[in-house]
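This is model22.cif. It holds mmCIF, C-alpha atoms and all ligand atoms.
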```cif
data_target
loop_
_atom_site.label_atom_id
_atom_site.label_comp_id
_atom_site.auth_asym_id
_atom_site.auth_seq_id
_atom_site.Cartn_x
_atom_site.Cartn_y
_atom_site.Cartn_z
CA MET N 1 -23.57 91.38 13.06
CA THR N 2 -20.71 93.60 11.92
CA GLU N 3 -17.59 92.17 10.39
CA ARG N 4 -15.54 93.12 13.42
CA ASN N 5 -17.76 91.08 15.66
CA ILE N 6 -17.15 87.88 13.82
CA PRO N 7 -13.78 86.91 15.35
CA ALA N 8 -15.22 87.44 18.80
CA ALA N 9 -18.27 85.40 17.91
CA ILE N 10 -16.04 82.55 16.83
CA SER N 11 -14.08 82.76 20.04
CA ARG N 12 -17.22 82.91 22.06
CA ARG N 13 -18.75 79.96 20.29
CA GLY N 14 -15.60 77.98 20.87
CA PHE N 15 -15.59 78.95 24.50
CA LEU N 16 -19.23 78.04 24.99
CA ALA N 17 -18.84 74.80 23.13
CA ARG N 18 -15.98 73.87 25.43
CA ILE N 19 -18.13 74.55 28.47
CA ALA N 20 -20.73 72.23 27.04
CA GLY N 21 -18.05 69.61 26.48
CA LEU N 22 -18.32 69.71 22.69
CA SER N 23 -15.43 69.49 20.30
CA LEU N 24 -15.39 71.73 17.27
CA SER N 25 -12.62 69.93 15.41
CA GLY N 26 -13.71 68.87 11.95
CA LEU N 27 -16.56 71.38 11.78
CA VAL N 28 -16.75 73.43 8.63
CA VAL N 29 -17.87 76.89 9.62
CA GLY N 30 -19.11 79.19 6.89
CA PRO N 31 -20.80 82.52 7.66
CA VAL N 32 -24.30 81.05 7.58
CA ALA N 33 -23.42 78.06 9.74
CA LEU N 34 -21.61 80.42 12.07
CA LEU N 35 -24.64 82.63 12.55
CA ALA N 36 -26.91 79.68 13.07
CA ARG N 37 -24.61 78.12 15.62
CA THR N 38 -24.06 81.41 17.38
CA ALA N 39 -27.80 81.88 17.75
CA GLY N 40 -28.05 78.31 19.00
CA THR N 41 -25.57 78.88 21.83
CA ARG N 42 -28.24 80.60 23.91
CA ASP N 43 -29.13 77.46 25.82
CA ILE N 44 -25.61 76.43 26.72
CA ARG N 45 -24.46 79.76 28.07
CA PRO N 46 -23.34 79.56 31.70
CA PRO N 47 -26.30 80.23 34.00
CA LEU N 48 -26.71 83.50 35.88
CA ILE N 49 -24.78 83.40 39.17
CA THR N 50 -26.95 83.36 42.30
CA ARG N 51 -25.46 85.75 44.88
CA VAL N 52 -28.50 85.70 47.19
CA SER N 53 -31.31 83.21 46.66
CA ARG N 54 -34.08 84.80 48.77
CA PRO N 55 -34.87 87.26 47.41
CA GLU N 56 -33.35 86.37 44.06
CA ASN N 57 -30.16 88.37 43.42
CA LEU N 58 -28.49 87.23 40.21
CA GLU N 59 -25.25 88.17 38.49
CA THR N 60 -24.55 88.01 34.75
CA PRO N 61 -21.44 86.00 33.77
CA VAL N 62 -18.93 88.49 32.37
CA SER N 63 -18.57 86.28 29.25
CA ASP N 64 -22.01 87.59 28.18
CA PHE N 65 -20.57 91.06 27.68
CA THR N 66 -19.36 90.33 24.16
CA ALA N 67 -22.78 91.72 23.11
CA TRP N 68 -23.64 95.42 23.15
CA LEU N 69 -27.12 94.90 24.57
CA THR N 70 -27.61 92.60 27.54
CA PRO N 71 -30.71 90.49 26.85
CA THR N 72 -33.39 90.97 29.51
CA GLU N 73 -33.33 87.30 30.56
CA ARG N 74 -29.56 87.54 31.06
CA PHE N 75 -29.67 90.88 32.93
CA PHE N 76 -28.54 90.93 36.58
CA VAL N 77 -31.23 91.18 39.27
CA ARG N 78 -30.82 93.09 42.50
CA SER N 79 -33.79 93.40 44.86
CA HIS N 80 -33.72 94.07 48.57
CA PHE N 81 -37.08 92.44 49.35
CA GLY N 82 -38.06 90.81 46.07
CA PRO N 83 -40.86 91.96 43.75
CA PRO N 84 -44.35 92.79 44.99
CA PRO N 85 -47.07 90.21 44.16
CA SER N 86 -47.68 90.33 40.40
CA GLU N 87 -51.48 90.82 40.85
CA GLN N 88 -50.64 94.22 42.30
CA SER N 89 -49.84 95.43 38.79
CA ASP N 90 -53.57 95.32 37.96
CA GLY N 91 -55.07 98.66 38.80
CA TRP N 92 -51.56 100.10 39.20
CA ARG N 93 -51.40 103.88 39.65
CA LEU N 94 -48.57 106.39 40.03
CA THR N 95 -49.15 109.28 42.42
CA VAL N 96 -47.27 112.58 42.15
CA ASP N 97 -47.64 114.85 45.17
CA GLY N 98 -45.78 117.04 47.69
CA ASP N 99 -44.56 120.45 46.59
CA VAL N 100 -46.61 120.48 43.40
CA VAL N 101 -49.38 122.73 42.11
CA ARG N 102 -51.60 119.84 40.90
CA PRO N 103 -51.18 116.43 42.58
CA LEU N 104 -51.61 113.65 39.99
CA THR N 105 -52.77 110.05 39.98
CA LEU N 106 -51.70 108.47 36.70
CA SER N 107 -52.83 105.22 35.07
CA PRO N 108 -50.73 103.48 32.40
CA ASP N 109 -52.92 105.16 29.75
CA ASP N 110 -52.29 108.58 31.31
CA LEU N 111 -48.54 107.96 31.20
CA ALA N 112 -48.72 106.85 27.59
CA ARG N 113 -49.96 110.33 26.64
CA PHE N 114 -46.54 111.87 27.39
CA PRO N 115 -43.94 111.78 24.58
CA THR N 116 -42.21 108.40 24.34
CA VAL N 117 -38.44 108.25 24.65
CA THR N 118 -36.13 105.28 24.05
CA GLN N 119 -32.47 105.25 25.00
CA ALA N 120 -29.78 102.73 25.81
CA ALA N 121 -28.17 103.04 29.22
CA VAL N 122 -25.93 101.06 31.53
CA LEU N 123 -27.44 99.93 34.81
CA GLN N 124 -24.78 99.03 37.37
CA CYS N 125 -25.26 98.21 41.05
CA SER N 126 -23.15 100.33 43.45
CA GLY N 127 -22.00 97.05 44.96
CA ASN N 128 -20.69 95.60 41.68
CA GLY N 129 -17.15 94.38 42.43
CA ARG N 130 -17.67 94.38 46.21
CA ALA N 131 -16.00 90.95 46.38
CA PHE N 132 -12.67 92.53 45.36
CA PHE N 133 -12.33 94.79 48.41
CA THR N 134 -9.99 93.79 51.24
CA PRO N 135 -11.01 93.55 54.00
CA LYS N 136 -14.44 92.20 53.03
CA THR N 137 -17.44 94.45 53.48
CA PRO N 138 -20.96 93.20 54.25
CA GLY N 139 -23.48 92.78 51.42
CA ALA N 140 -23.93 90.63 48.34
CA GLN N 141 -20.47 89.60 47.11
CA TRP N 142 -20.87 90.74 43.51
CA GLU N 143 -17.88 90.19 41.25
CA LYS N 144 -18.03 91.67 37.74
CA GLY N 145 -21.55 91.13 36.43
CA ALA N 146 -23.93 93.29 38.50
CA VAL N 147 -24.07 95.50 35.41
CA GLY N 148 -25.69 95.45 31.98
CA ASN N 149 -26.59 97.63 29.03
CA ALA N 150 -30.23 97.76 27.90
CA ARG N 151 -32.63 99.86 25.85
CA TRP N 152 -35.17 101.62 28.05
CA THR N 153 -38.44 103.09 26.79
CA GLY N 154 -40.78 105.34 28.72
CA VAL N 155 -41.51 108.98 29.39
CA ARG N 156 -39.37 111.76 30.79
CA LEU N 157 -39.76 112.29 34.53
CA ARG N 158 -39.40 115.98 33.67
CA ASP N 159 -42.57 115.94 31.53
CA VAL N 160 -44.57 114.36 34.37
CA LEU N 161 -43.19 116.84 36.93
CA GLU N 162 -43.97 119.76 34.63
CA SER N 163 -47.53 118.60 34.20
CA ALA N 164 -47.90 118.55 38.02
CA GLY N 165 -46.13 121.92 38.27
CA MET N 166 -43.54 122.35 41.01
CA THR N 167 -43.72 124.99 43.72
CA ALA N 168 -40.80 127.20 44.79
CA ALA N 169 -39.97 124.80 47.66
CA ALA N 170 -39.13 121.91 45.32
CA ARG N 171 -35.50 120.71 45.71
CA HIS N 172 -35.63 116.90 45.81
CA VAL N 173 -37.79 114.17 44.31
CA GLN N 174 -38.51 111.18 46.51
CA LEU N 175 -39.40 107.84 44.94
CA MET N 176 -40.96 104.70 46.35
CA GLY N 177 -41.95 101.37 44.85
CA ALA N 178 -44.55 98.75 45.76
CA ASP N 179 -42.08 96.21 47.21
CA ARG N 180 -42.25 95.62 50.95
CA PRO N 181 -39.88 93.94 53.43
CA VAL N 182 -41.08 90.73 55.10
CA LEU N 183 -40.55 92.23 58.55
CA PRO N 184 -42.33 95.51 59.29
CA THR N 185 -39.28 96.66 61.28
CA VAL N 186 -37.10 96.71 58.15
CA PRO N 187 -37.03 100.14 56.48
CA LEU N 188 -38.76 100.67 53.12
CA PHE N 189 -36.66 101.21 49.98
CA ILE N 190 -37.20 104.95 49.62
CA ARG N 191 -34.79 107.07 47.63
CA SER N 192 -34.55 110.66 46.48
CA MET N 193 -32.58 112.65 43.97
CA PRO N 194 -31.88 116.36 43.64
CA ILE N 195 -34.33 118.18 41.35
CA GLU N 196 -31.60 118.75 38.72
CA LYS N 197 -31.25 115.00 38.10
CA ALA N 198 -35.03 114.54 38.12
CA LEU N 199 -35.39 117.23 35.44
CA HIS N 200 -32.54 115.90 33.30
CA PRO N 201 -33.96 114.93 29.89
CA ALA N 202 -32.33 111.46 30.12
CA THR N 203 -34.10 110.59 33.40
CA LEU N 204 -37.00 108.33 32.44
CA LEU N 205 -39.97 106.52 33.89
CA ALA N 206 -39.55 103.32 31.90
CA TYR N 207 -42.16 100.68 31.07
CA ARG N 208 -40.22 98.80 28.38
CA MET N 209 -36.83 97.09 28.49
CA ASN N 210 -35.12 95.95 25.28
CA ASP N 211 -38.37 96.66 23.37
CA ASP N 212 -40.59 94.36 25.45
CA ALA N 213 -42.79 95.12 28.45
CA LEU N 214 -40.63 95.71 31.55
CA PRO N 215 -40.73 92.40 33.44
CA LEU N 216 -41.68 92.24 37.12
CA LEU N 217 -38.15 91.24 38.22
CA HIS N 218 -36.79 94.44 36.68
CA GLY N 219 -39.41 96.72 38.18
CA GLY N 220 -42.47 96.36 35.94
CA PRO N 221 -44.87 97.98 35.37
CA LEU N 222 -42.73 101.14 35.90
CA ARG N 223 -39.21 101.94 37.05
CA LEU N 224 -36.88 104.86 37.19
CA VAL N 225 -33.98 105.11 34.74
CA THR N 226 -31.22 107.52 35.80
CA PRO N 227 -28.48 107.15 33.17
CA GLY N 228 -24.96 107.62 34.51
CA TRP N 229 -26.01 106.98 38.08
CA ALA N 230 -25.58 103.74 40.01
CA GLY N 231 -28.48 101.28 40.31
CA ASP N 232 -29.75 102.30 43.74
CA ALA N 233 -31.35 105.38 42.12
CA TRP N 234 -33.22 103.23 39.55
CA VAL N 235 -36.28 102.61 41.76
CA LYS N 236 -38.37 99.63 40.61
CA TRP N 237 -42.14 98.99 40.90
CA LEU N 238 -42.58 102.77 41.14
CA THR N 239 -45.89 103.92 42.68
CA SER N 240 -45.07 107.21 44.40
CA ILE N 241 -43.22 110.38 43.43
CA ARG N 242 -43.09 113.10 46.05
CA VAL N 243 -41.59 116.52 45.40
CA GLN N 244 -40.08 118.00 48.54
CA ALA N 245 -37.58 120.46 50.01
CA GLN N 246 -35.31 117.85 51.65
CA GLU N 247 -33.42 114.71 50.73
CA ALA N 248 -35.41 111.57 51.69
CA ASP N 249 -35.11 110.29 55.26
CA GLY N 250 -34.58 106.69 56.15
CA TYR N 251 -31.98 103.95 56.00
CA PHE N 252 -31.59 103.66 52.21
CA MET N 253 -30.75 107.37 51.85
CA LYS N 254 -29.15 108.37 55.14
CA THR N 255 -27.06 105.27 55.92
CA ALA N 256 -26.77 102.95 52.92
CA TYR N 257 -25.50 104.03 49.50
CA ARG N 258 -23.30 106.78 50.84
CA MET N 259 -19.57 107.28 50.46
CA PRO N 260 -17.50 108.84 53.25
CA ALA N 261 -16.37 112.30 52.22
CA THR N 262 -12.99 111.75 53.91
CA ALA N 263 -10.01 111.26 51.64
CA ASP N 264 -9.15 107.74 52.81
CA ARG N 265 -12.80 106.61 53.20
CA SER N 266 -11.67 104.20 55.94
CA VAL N 267 -14.42 104.78 58.46
CA ALA N 268 -16.89 102.24 59.75
CA ASN N 269 -20.46 102.18 58.46
CA GLY N 270 -22.97 103.91 60.71
CA GLN N 271 -20.35 106.20 62.20
CA ARG N 272 -21.23 109.84 62.09
CA VAL N 273 -18.88 111.14 59.44
CA ASP N 274 -19.46 113.42 56.51
CA SER N 275 -20.72 111.36 53.65
CA THR N 276 -22.57 111.95 50.42
CA PRO N 277 -25.14 109.84 48.56
CA ILE N 278 -23.76 107.78 45.69
CA GLU N 279 -24.61 109.29 42.31
CA ALA N 280 -22.51 108.66 39.16
CA TYR N 281 -20.48 105.47 38.84
CA PRO N 282 -16.78 105.81 37.94
CA VAL N 283 -14.93 104.73 34.78
CA LYS N 284 -14.40 100.97 34.40
CA SER N 285 -13.54 98.36 31.78
CA LEU N 286 -14.30 94.66 31.84
CA ILE N 287 -12.73 91.84 29.84
CA ALA N 288 -15.52 89.67 28.40
CA PHE N 289 -13.30 87.35 26.34
CA PRO N 290 -11.33 85.39 27.30
CA ALA N 291 -12.95 84.52 30.60
CA ASP N 292 -10.80 84.30 33.71
CA GLY N 293 -9.52 80.83 34.57
CA THR N 294 -10.37 79.25 31.19
CA ARG N 295 -8.24 77.41 28.64
CA ILE N 296 -8.23 79.01 25.22
CA SER N 297 -6.71 78.12 21.88
CA GLU N 298 -3.56 79.74 20.49
CA ARG N 299 -5.68 80.32 17.38
CA GLU N 300 -7.76 83.01 19.11
CA THR N 301 -7.45 86.39 17.45
CA ALA N 302 -8.72 89.02 19.88
CA ILE N 303 -9.43 90.12 23.42
CA GLN N 304 -12.84 91.77 23.77
CA GLY N 305 -14.69 93.73 26.43
CA VAL N 306 -16.81 96.72 27.40
CA ALA N 307 -16.14 100.03 29.13
CA LEU N 308 -18.49 102.31 31.02
CA THR N 309 -18.50 105.60 32.88
CA GLY N 310 -21.09 107.77 34.58
CA ASN N 311 -19.01 110.86 33.79
CA GLY N 312 -19.10 111.57 30.07
CA GLY N 313 -17.91 109.06 27.48
CA ILE N 314 -15.16 106.48 27.07
CA THR N 315 -12.20 107.91 25.20
CA ARG N 316 -9.58 105.18 25.50
CA ILE N 317 -9.02 101.55 26.40
CA GLU N 318 -5.61 100.07 27.01
CA VAL N 319 -4.54 96.48 27.41
CA SER N 320 -1.42 95.18 29.16
CA LEU N 321 0.03 91.70 28.67
CA ASP N 322 3.01 92.21 31.00
CA ALA N 323 1.35 92.96 34.37
CA GLY N 324 0.99 96.67 33.67
CA THR N 325 4.54 97.53 32.54
CA THR N 326 3.50 98.44 29.01
CA TRP N 327 0.03 99.36 27.75
CA HIS N 328 -1.36 99.08 24.22
CA GLU N 329 -4.30 100.96 22.84
CA ALA N 330 -7.36 98.82 22.07
CA GLU N 331 -9.92 99.63 19.40
CA LEU N 332 -13.38 100.95 20.26
CA PHE N 333 -16.18 99.55 18.10
CA GLY N 334 -19.95 99.27 17.91
CA PRO N 335 -22.55 101.89 18.84
CA ALA N 336 -21.39 105.07 20.62
CA GLU N 337 -24.39 106.33 22.58
CA PRO N 338 -24.14 108.73 25.51
CA TYR N 339 -25.25 106.48 28.41
CA ALA N 340 -24.50 103.06 26.95
CA TRP N 341 -21.27 101.16 27.37
CA ARG N 342 -18.60 101.02 24.68
CA GLN N 343 -17.33 97.77 23.19
CA TRP N 344 -13.60 97.34 22.62
CA ARG N 345 -11.28 94.75 21.14
CA TYR N 346 -7.57 94.15 20.99
CA PRO N 347 -6.14 91.93 18.24
CA TRP N 348 -4.05 89.22 19.85
CA ARG N 349 -2.32 86.00 18.84
CA PRO N 350 -1.65 84.41 22.21
CA ALA N 351 1.48 82.39 22.89
CA ARG N 352 1.06 79.03 24.64
CA GLY N 353 1.25 79.00 28.40
CA THR N 354 -0.25 81.14 31.12
CA GLN N 355 -1.24 84.60 29.93
CA ARG N 356 -2.34 87.49 32.08
CA ILE N 357 -4.45 90.27 30.57
CA LEU N 358 -5.15 93.66 32.16
CA SER N 359 -7.49 96.34 30.83
CA ARG N 360 -8.03 99.94 31.84
CA ALA N 361 -10.36 102.65 30.55
CA THR N 362 -10.16 106.44 30.43
CA ASP N 363 -13.22 108.71 30.21
CA SER N 364 -13.80 112.11 28.63
CA GLN N 365 -13.28 113.83 32.00
CA GLY N 366 -9.77 112.35 32.08
CA HIS N 367 -10.47 109.79 34.82
CA VAL N 368 -8.33 106.67 34.41
CA GLN N 369 -9.40 103.33 35.85
CA PRO N 370 -7.16 102.89 38.94
CA ASP N 371 -5.11 99.84 39.85
CA THR N 372 -7.43 99.23 42.81
CA THR N 373 -10.29 101.22 44.33
CA PRO N 374 -9.69 102.66 47.82
CA TRP N 375 -11.58 100.65 50.43
CA ASN N 376 -14.89 102.07 51.69
CA PRO N 377 -17.19 100.62 54.36
CA GLY N 378 -20.08 99.81 52.02
CA GLY N 379 -17.88 98.12 49.41
CA TYR N 380 -19.26 100.46 46.76
CA LEU N 381 -18.14 101.56 43.29
CA TRP N 382 -15.25 99.12 42.73
CA ASN N 383 -13.50 100.07 39.49
CA GLY N 384 -10.02 98.58 39.75
CA ILE N 385 -8.21 97.59 36.54
CA ASP N 386 -9.70 94.34 35.22
CA ARG N 387 -7.49 91.26 35.29
CA VAL N 388 -7.86 87.79 33.84
CA ARG N 389 -5.53 84.80 33.65
CA VAL N 390 -5.93 82.12 31.00
CA ALA N 391 -4.13 78.97 29.88
CA VAL N 392 -3.33 79.08 26.17
CA VAL N 393 -3.12 75.66 24.57
CA GLY N 394 -2.39 74.38 21.08
N1 LIG F 1 -38.22 99.28 44.70
C1 LIG F 1 -36.95 98.89 44.58
N2 LIG F 1 -36.20 99.40 43.60
C2 LIG F 1 -34.91 99.03 43.46
C3 LIG F 1 -34.32 98.10 44.33
C4 LIG F 1 -35.14 97.55 45.35
O1 LIG F 1 -34.71 96.70 46.15
N3 LIG F 1 -36.43 97.96 45.46
N4 LIG F 1 -32.98 97.78 44.17
C5 LIG F 1 -32.16 98.80 43.52
C6 LIG F 1 -30.80 98.42 43.25
S1 LIG F 1 -29.74 98.47 44.59
C7 LIG F 1 -30.36 98.13 41.98
S2 LIG F 1 -28.73 97.82 41.67
C8 LIG F 1 -31.30 98.08 40.84
C9 LIG F 1 -31.23 96.71 40.14
O2 LIG F 1 -32.09 96.66 39.05
P1 LIG F 1 -32.33 95.28 38.27
O3 LIG F 1 -32.79 94.25 39.25
O4 LIG F 1 -33.32 95.57 37.20
O5 LIG F 1 -31.00 94.89 37.69
O6 LIG F 1 -32.65 98.29 41.24
C10 LIG F 1 -32.80 99.29 42.24
N5 LIG F 1 -34.20 99.56 42.43
MO MO F 2 -27.58 98.14 43.78
#
```
Just dump the structure as structure tokens.
Ligand SMILES: Nc1nc2c(c(=O)[nH]1)N[C@H]1C(S)=C(S)[C@@H](COP(=O)(O)O)O[C@H]1N2
Ligand SMILES: [Mo]
Amino acid sequence: MTERNIPAAISRRGFLARIAGLSLSGLVVGPVALLARTAGTRDIRPPLITRVSRPENLETPVSDFTAWLTPTERFFVRSHFGPPPSEQSDGWRLTVDGDVVRPLTLSPDDLARFPTVTQAAVLQCSGNGRAFFTPKTPGAQWEKGAVGNARWTGVRLRDVLESAGMTAAARHVQLMGADRPVLPTVPLFIRSMPIEKALHPATLLAYRMNDDALPLLHGGPLRLVTPGWAGDAWVKWLTSIRVQAQEADGYFMKTAYRMPATADRSVANGQRVDSTPIEAYPVKSLIAFPADGTRISERETAIQGVALTGNGGITRIEVSLDAGTTWHEAELFGPAEPYAWRQWRYPWRPARGTQRILSRATDSQGHVQPDTTPWNPGGYLWNGIDRVRVAVVG
């Protein structure tokens, strides 16, 4: 733990203790006691939020985002049909075919022979923040926590494609996992990406998450990792890679996960309008402490959060305490890695009463987090300025 993290850890511990109905008054907190108690808060953290129960679709409480890495057991879960039966992982194989010179069938041992790569990257669902659009759009009503930052380990998709050898026709790479809808009439989750993204050195076939085996809920034994791109590209339970000339057909490529290309985006889903598949997610900041709607002490010392972008890096975070009239630069801290999120903090001695906090991020391409995100029929890629309201007490 770095020194800068300590004030936030104290705040967080206080916050968690209050949730658990504990009082901290009279406690003597030295550094060792602090660390021990911080580690012990694990069990009293607020549970993951169930957005859909069958299949399990779970959101991480935004108060977890005081940590740089999101622990695997606290990481949001988004599955259309739920995981395939776990026994299916035995005898698992990955096939690589289509416009290739040598079709491949790879076992886990075969995959392990490619160079191993580990990198941190944000995974965010395209629908994160859908609940904030007016009017409502259909789909899971995610608020702030369908996002997380994890370490992913695996092999480069590029290395696998090069070992198969691509023919001149190769333009897109189609991916499919082992999960199946309950009803045979429901389309399979099949996605594709242009060859450039497939060959990008950061695009991985991952079998480890946060240094442990990738769990079934998150796509084990193998999933795609496409840093900078929204979650729908991160195909789980991967079994098939097909190199082809065209973008994939089917509902999950041609209808869902597209944004209207019109300026105002206000067209109904399923209408025949120009649209493009979702790729990178836009710049966004989130306030992790204090949590919206909570009571906090006037002895708190900082606001803390994270910021992410699929387009370069985070260059600036600003905080407003007067509904956006004036903005103050926050401090970036912690690891700065290309596809991970950035932690930020803003020193603050809150006055008693109701306080409203706003945060906005800017990325290295100059995009500034907007006040609100223009409405779109799928309720995708919400990145409006984050807002929380807290009651500050003595
Ligand atoms: N095979 C398969 N892969 C999938 C999905 C799915 O339903 N089936 N959901 C996608 C979506 S929409 C998201 S946001 C991410 C969520 O990954 P997570 O559950 O590990 O957070 O997985 C993606 N990969
Ligand atoms: Mo998603």
For ligand MO 2 (chain F), the nearest of the candidates N:Val155, N:Cys125, N:Ile195, N:Val100, counting all atoms listed in the file: N:Cys125
Contacts to ligand LIG 1 (chain F) at 6 Å cut-off (all atoms listed in the file) as a ChimeraX atom specification: /N:76-81,124-125,177,179,189,218,231-232,234-237
Counting only C-alpha atoms and all ligand atoms, the residue of N:Asn383, N:Ser107, N:Asn128, N:Thr315 that sits nearest ligand MO 2 (chain F):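 Of N:Asn383, N:Ser107, N:Asn128, N:Thr315, the one nearest ligand MO 2 (chain F) is N:Asn128, counting only C-alpha atoms and all ligand atoms.
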Near-Gly394 in chain N list (7 Å; only C-alpha atoms; drop same-chain fewer than 3 positions) as a VMD selection string: chain N and resid 297 to 298 352
Store the residues picked out above in a file with C-alpha atoms, as a PDB file, in the frame of the given file.
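Saved result, again_22.pdb, follows:
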```pdb
ATOM      1  CA  SER N 297      -6.710  78.120  21.880  1.00  0.00           C
ATOM      2  CA  GLU N 298      -3.560  79.740  20.490  1.00  0.00           C
ATOM      3  CA  ARG N 352       1.060  79.030  24.640  1.00  0.00           C
TER       4      ARG N 352
END
```
12 Å contact set for range 226-230 of chain N, all atoms listed in the file, chain neighbours under 4 positions out, as a ChimeraX atom specification: /N:119-128,146-152,156-158,192-194,196-206,234-236,257-258,277-283,308-313,337-341,380-382
Residues from the last selection, C-alpha atoms, saved as a PDB file, in the frame of the given file:
```pdb
ATOM      1  CA  GLN N 119     -32.470 105.250  25.000  1.00  0.00           C
ATOM      2  CA  ALA N 120     -29.780 102.730  25.810  1.00  0.00           C
ATOM      3  CA  ALA N 121     -28.170 103.040  29.220  1.00  0.00           C
ATOM      4  CA  VAL N 122     -25.930 101.060  31.530  1.00  0.00           C
ATOM      5  CA  LEU N 123     -27.440  99.930  34.810  1.00  0.00           C
ATOM      6  CA  GLN N 124     -24.780  99.030  37.370  1.00  0.00           C
ATOM      7  CA  CYS N 125     -25.260  98.210  41.050  1.00  0.00           C
ATOM      8  CA  SER N 126     -23.150 100.330  43.450  1.00  0.00           C
ATOM      9  CA  GLY N 127     -22.000  97.050  44.960  1.00  0.00           C
ATOM     10  CA  ASN N 128     -20.690  95.600  41.680  1.00  0.00           C
ATOM     11  CA  ALA N 146     -23.930  93.290  38.500  1.00  0.00           C
ATOM     12  CA  VAL N 147     -24.070  95.500  35.410  1.00  0.00           C
ATOM     13  CA  GLY N 148     -25.690  95.450  31.980  1.00  0.00           C
ATOM     14  CA  ASN N 149     -26.590  97.630  29.030  1.00  0.00           C
ATOM     15  CA  ALA N 150     -30.230  97.760  27.900  1.00  0.00           C
ATOM     16  CA  ARG N 151     -32.630  99.860  25.850  1.00  0.00           C
ATOM     17  CA  TRP N 152     -35.170 101.620  28.050  1.00  0.00           C
ATOM     18  CA  ARG N 156     -39.370 111.760  30.790  1.00  0.00           C
ATOM     19  CA  LEU N 157     -39.760 112.290  34.530  1.00  0.00           C
ATOM     20  CA  ARG N 158     -39.400 115.980  33.670  1.00  0.00           C
ATOM     21  CA  SER N 192     -34.550 110.660  46.480  1.00  0.00           C
ATOM     22  CA  MET N 193     -32.580 112.650  43.970  1.00  0.00           C
ATOM     23  CA  PRO N 194     -31.880 116.360  43.640  1.00  0.00           C
ATOM     24  CA  GLU N 196     -31.600 118.750  38.720  1.00  0.00           C
ATOM     25  CA  LYS N 197     -31.250 115.000  38.100  1.00  0.00           C
ATOM     26  CA  ALA N 198     -35.030 114.540  38.120  1.00  0.00           C
ATOM     27  CA  LEU N 199     -35.390 117.230  35.440  1.00  0.00           C
ATOM     28  CA  HIS N 200     -32.540 115.900  33.300  1.00  0.00           C
ATOM     29  CA  PRO N 201     -33.960 114.930  29.890  1.00  0.00           C
ATOM     30  CA  ALA N 202     -32.330 111.460  30.120  1.00  0.00           C
ATOM     31  CA  THR N 203     -34.100 110.590  33.400  1.00  0.00           C
ATOM     32  CA  LEU N 204     -37.000 108.330  32.440  1.00  0.00           C
ATOM     33  CA  LEU N 205     -39.970 106.520  33.890  1.00  0.00           C
ATOM     34  CA  ALA N 206     -39.550 103.320  31.900  1.00  0.00           C
ATOM     35  CA  TRP N 234     -33.220 103.230  39.550  1.00  0.00           C
ATOM     36  CA  VAL N 235     -36.280 102.610  41.760  1.00  0.00           C
ATOM     37  CA  LYS N 236     -38.370  99.630  40.610  1.00  0.00           C
ATOM     38  CA  TYR N 257     -25.500 104.030  49.500  1.00  0.00           C
ATOM     39  CA  ARG N 258     -23.300 106.780  50.840  1.00  0.00           C
ATOM     40  CA  PRO N 277     -25.140 109.840  48.560  1.00  0.00           C
ATOM     41  CA  ILE N 278     -23.760 107.780  45.690  1.00  0.00           C
ATOM     42  CA  GLU N 279     -24.610 109.290  42.310  1.00  0.00           C
ATOM     43  CA  ALA N 280     -22.510 108.660  39.160  1.00  0.00           C
ATOM     44  CA  TYR N 281     -20.480 105.470  38.840  1.00  0.00           C
ATOM     45  CA  PRO N 282     -16.780 105.810  37.940  1.00  0.00           C
ATOM     46  CA  VAL N 283     -14.930 104.730  34.780  1.00  0.00           C
ATOM     47  CA  LEU N 308     -18.490 102.310  31.020  1.00  0.00           C
ATOM     48  CA  THR N 309     -18.500 105.600  32.880  1.00  0.00           C
ATOM     49  CA  GLY N 310     -21.090 107.770  34.580  1.00  0.00           C
ATOM     50  CA  ASN N 311     -19.010 110.860  33.790  1.00  0.00           C
ATOM     51  CA  GLY N 312     -19.100 111.570  30.070  1.00  0.00           C
ATOM     52  CA  GLY N 313     -17.910 109.060  27.480  1.00  0.00           C
ATOM     53  CA  GLU N 337     -24.390 106.330  22.580  1.00  0.00           C
ATOM     54  CA  PRO N 338     -24.140 108.730  25.510  1.00  0.00           C
ATOM     55  CA  TYR N 339     -25.250 106.480  28.410  1.00  0.00           C
ATOM     56  CA  ALA N 340     -24.500 103.060  26.950  1.00  0.00           C
ATOM     57  CA  TRP N 341     -21.270 101.160  27.370  1.00  0.00           C
ATOM     58  CA  TYR N 380     -19.260 100.460  46.760  1.00  0.00           C
ATOM     59  CA  LEU N 381     -18.140 101.560  43.290  1.00  0.00           C
ATOM     60  CA  TRP N 382     -15.250  99.120  42.730  1.00  0.00           C
TER      61      TRP N 382
END
```
Nearest residue to ligand MO 2 (chain F) from the set N:Ala170, N:Met176, N:Ala233, N:Val117 (distances using only C-alpha atoms and all ligand atoms):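 Smallest distance to ligand MO 2 (chain F) is found for N:Ala233.
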Shortest interatomic distance to Phe132 in chain N - which of N:Asp99, N:Ala323, N:Lys144, N:Met253, counting all atoms listed in the file: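 Ranking N:Asp99, N:Ala323, N:Lys144, N:Met253 by distance to Phe132 in chain N, first place goes to N:Lys144.
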Range 369-373 of chain N environment, 12 Å, all atoms listed in the file, sequence neighbours closer than 4 positions dropped, as a ChimeraX atom specification: /N:129-134,264-265,281-286,307-309,314-319,323-324,358-363,365,379-387
Å distance separating CA of Pro83 in chain N from CA of Leu217 in chain N, one decimal place: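 We find that CA of Pro83 in chain N and CA of Leu217 in chain N lie 6.2 Å from each other.
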